Amino acid sequence: MDPVVQLRKVSVRYGNSNGGLTAVADVDLSVMPGEVVSIVGKSGCGKTTLLKVIAGLVRPVSGEVLFNNKGVNGYSKGVGMLFQSPLLLPWRTVIKNILLPIEIINGDLESYLSRAYELIEKTGLKGYENSYPWELSGGMQQRVALCRALIHKPPLLLLDEPFSALDAITREEMWNLLQEVITYEKCTTILVTHDVREAVLLSDRVVVMGGKPGRIKSELMINFRRPRDLMVQYTKEFNDYVVMIKNLIGD
Ligand SMILES: Nc1ncnc2c1ncn2[C@@H]1O[C@H](COP(=O)(O)OP(=O)(O)OP(=O)(O)O)[C@@H](O)[C@H]1O
Ligand SMILES: [Mg+2]
C-alpha cells in the first residue's frame, strides 16, 4: 500500500529573499490510507504551515509533496479542511452551508443532496437543516463545518485545532463523533492540535514538531484498539503517552 500523503525534505519560507522566515525545514512525513495522524508542538513551530502545504495552499521552497503519488500543485479537490472557527456563512441555512463547496465548483446540487442529508443524520443535526448558523450552539456549528468539509467525499481530512474553541464536554462529544465519522467515511486524517490528550485519544500516530524553523522531532505510535472509549483517558497507559509526548514537546 502506498502512502496517501508523502512529504520529502519539505521546507517552507514566508516573505521574500530580503526579509523572510523559514517556517518549516526538511520535513519528511508519510501518512498511510486510513491512518489518523496528529501533529503537536509549540505555537509557531509550523503545524498549520504543514497542513497548508499538504492541501496545496502553500508551496514549499524545496522538497516534494505527493498526494496519492501525484505532485501537489494547487488546492486539491481530494482534501476536506476543518478549522478552529466553523466559518459558516450566516445568511445561509445549514443545508446551504454544507452544499456551498459543490455550488462553488458548479457541481450538480441535486445529486449531492442525499449525501448532505446522510452527513446531517450522521452528525446528529437532523431537524436543523433549515436553521441558520446563529441559531446553533458552537458545537453544532462545528458539526455543520465538518459536514461541509466531507460533502465531496474527500479521501483526506485535514483538521486544524478544530475543537479548541469548544467547552470540555462538547469537545469530548466531538471526539466521539469524529471517531465515528472517520471510521464510517474511511478517510485518512491529519489533525493539528495543542491538546495532547486529544492527540492520544484520536490518533494512530502522534508527530511532535519543534524548533525554529519547525522540524519533526519524533513520532509515537498509539496502540489502543478502536473504537476507543473516552474512559481510556483514565488509564495508566494513556497517561504514560501524554507524559511522554509532553516531554518531547517541552525539550
Ligand atoms: N502567511 C504568513 N506570512 C509570514 N509568516 C507566516 C505566515 N504564516 C505563518 N507564518 C509564520 O510561520 C511560522 C509558523 O506558523 P504556523 O502558523 O505554521 O505555526 P503553528 O505551529 O500552526 O502555530 P499555532 O500553534 O500558534 O497555530 C510562525 O513563525 C508564523 O509567524
Ligand atoms: Mg496553527
# chains A, B, ... in the order shown; residues from 1 in each chain; ligands from 1
>>> residues_around(residues="Ser11 of chain A", least_positions_apart="4", cutoff="9 Å", atoms="only C-alpha atoms", output="PDB file with C-alpha atoms, in the first residue's frame")
ATOM      1  CA  THR A  22      11.823  29.677   7.182  1.00  0.00           C
ATOM      2  CA  ALA A  23       8.738  28.259   8.869  1.00  0.00           C
ATOM      3  CA  VAL A  24       9.486  24.543   8.427  1.00  0.00           C
ATOM      4  CA  ALA A  25      12.648  22.780   7.335  1.00  0.00           C
ATOM      5  CA  ASP A  26      13.404  19.344   5.882  1.00  0.00           C
ATOM      6  CA  VAL A  27      10.171  17.688   6.911  1.00  0.00           C
ATOM      7  CA  PRO A  60       7.343  24.693  -0.402  1.00  0.00           C
ATOM      8  CA  VAL A  61      10.641  26.309  -1.436  1.00  0.00           C
ATOM      9  CA  SER A  62      12.226  22.908  -1.603  1.00  0.00           C
ATOM     10  CA  GLY A  63      11.257  19.279  -1.264  1.00  0.00           C
ATOM     11  CA  PRO A 213      12.341  26.576  11.812  1.00  0.00           C
TER      12      PRO A 213
END
>>> residues_around(residues="Leu51 of chain A", least_positions_apart="6", cutoff="12 Å", atoms="only C-alpha atoms", output="PDB file with C-alpha atoms, in the first residue's frame")
ATOM      1  CA  VAL A   5       0.450  11.796   1.717  1.00  0.00           C
ATOM      2  CA  LEU A   7       6.384  14.921   2.271  1.00  0.00           C
ATOM      3  CA  VAL A  12       8.665  26.448   3.562  1.00  0.00           C
ATOM      4  CA  VAL A  24       9.486  24.543   8.427  1.00  0.00           C
ATOM      5  CA  LEU A  29       6.275  12.587   6.637  1.00  0.00           C
ATOM      6  CA  VAL A  37      -2.041  11.208  12.470  1.00  0.00           C
ATOM      7  CA  SER A  38      -1.835  14.133  14.879  1.00  0.00           C
ATOM      8  CA  ILE A  39       0.736  16.893  14.707  1.00  0.00           C
ATOM      9  CA  LEU A  57      -2.411  26.214  -0.301  1.00  0.00           C
ATOM     10  CA  VAL A  58       1.271  26.951   0.319  1.00  0.00           C
ATOM     11  CA  ARG A  59       4.085  25.901  -1.974  1.00  0.00           C
ATOM     12  CA  PRO A  60       7.343  24.693  -0.402  1.00  0.00           C
ATOM     13  CA  VAL A  65       4.741  16.903  -1.655  1.00  0.00           C
ATOM     14  CA  TYR A  75      -5.596  23.188  -3.974  1.00  0.00           C
ATOM     15  CA  VAL A  79      -8.990  17.315   0.578  1.00  0.00           C
ATOM     16  CA  GLY A  80     -11.563  18.419   3.157  1.00  0.00           C
ATOM     17  CA  MET A  81     -10.499  21.011   5.747  1.00  0.00           C
ATOM     18  CA  LEU A  82     -11.845  21.990   9.136  1.00  0.00           C
ATOM     19  CA  PHE A  83     -10.506  24.957  11.112  1.00  0.00           C
ATOM     20  CA  LEU A 156      -8.106  13.126   3.077  1.00  0.00           C
ATOM     21  CA  LEU A 157      -9.418  15.179   6.000  1.00  0.00           C
ATOM     22  CA  LEU A 158      -7.216  17.956   7.406  1.00  0.00           C
ATOM     23  CA  LEU A 159      -8.167  19.379  10.810  1.00  0.00           C
ATOM     24  CA  ASP A 160      -6.513  22.459  12.311  1.00  0.00           C
ATOM     25  CA  GLU A 161      -7.328  22.809  16.033  1.00  0.00           C
ATOM     26  CA  THR A 189      -6.976  12.143   8.725  1.00  0.00           C
ATOM     27  CA  ILE A 190      -4.306  14.623   9.798  1.00  0.00           C
ATOM     28  CA  LEU A 191      -5.128  16.558  12.956  1.00  0.00           C
ATOM     29  CA  VAL A 192      -3.217  19.566  14.263  1.00  0.00           C
ATOM     30  CA  THR A 193      -3.863  20.140  17.945  1.00  0.00           C
TER      31      THR A 193
END
>>> residues_near_ligand(ligand="ligand 1", cutoff="8 Å", atoms="only C-alpha atoms and all ligand atoms", output="list of chain:residue names")
A:Arg13, A:Tyr14, A:Gly15, A:Gly20, A:Leu21, A:Thr22, A:Ala23, A:Val24, A:Gly41, A:Lys42, A:Ser43, A:Gly44, A:Cys45, A:Gly46, A:Lys47, A:Thr48, A:Thr49, A:Leu50, A:Glu161, A:Val192, A:Thr193, A:His194, A:Lys212, A:Pro213, A:Gly214
>>> select_by_dssp(residues="segment 14-156 of chain A", states="helix (DSSP H, G or I)", output="PyMOL selection string")
chain A and resi 47-55+94-98+100-104+109-122+133-135+138-150
>>> closest_residue(among="A:Lys126, A:Arg171, A:Lys236, A:Arg205", to="Gly138 of chain A", atoms="only C-alpha atoms")
A:Arg171
>>> closest_residue(among="A:Ile169, A:Ile54, A:Val40, A:Ala145", to="Leu66 of chain A", atoms="only C-alpha atoms")
A:Ile54
>>> residues_around(residues="Met221 of chain A", least_positions_apart="4", cutoff="12 Å", atoms="only C-alpha atoms", output="list of chain:residue names")
A:Glu35, A:Val36, A:Val37, A:Ser38, A:Ala199, A:Val200, A:Leu201, A:Leu202, A:Ser203, A:Asp204, A:Arg205, A:Val206, A:Val207, A:Val208, A:Arg225, A:Tyr241, A:Met244, A:Ile245
>>> residues_around(residues="Arg197 of chain A", least_positions_apart="6", cutoff="9 Å", atoms="only C-alpha atoms", output="ChimeraX atom specification")
/A:233,238-239,241-242
>>> closest_residue(among="A:Asn97, A:Gln142, A:Thr123, A:Ser164", to="ligand 2", atoms="only C-alpha atoms and all ligand atoms")
A:Ser164
>>> closest_residue(among="A:Gln84, A:Asn223, A:Asn106, A:Gln179", to="ligand 2", atoms="only C-alpha atoms and all ligand atoms")
A:Gln84
>>> atom_distance(atom1="atom CA of Ile222 of chain A", atom2="atom CA of Asp240 of chain A")
10.8 Å
>>> residues_around(residues="Leu89 of chain A", least_positions_apart="3", cutoff="10 Å", atoms="only C-alpha atoms", output="ChimeraX atom specification")
/A:86,92-94,96-97,100,132-134
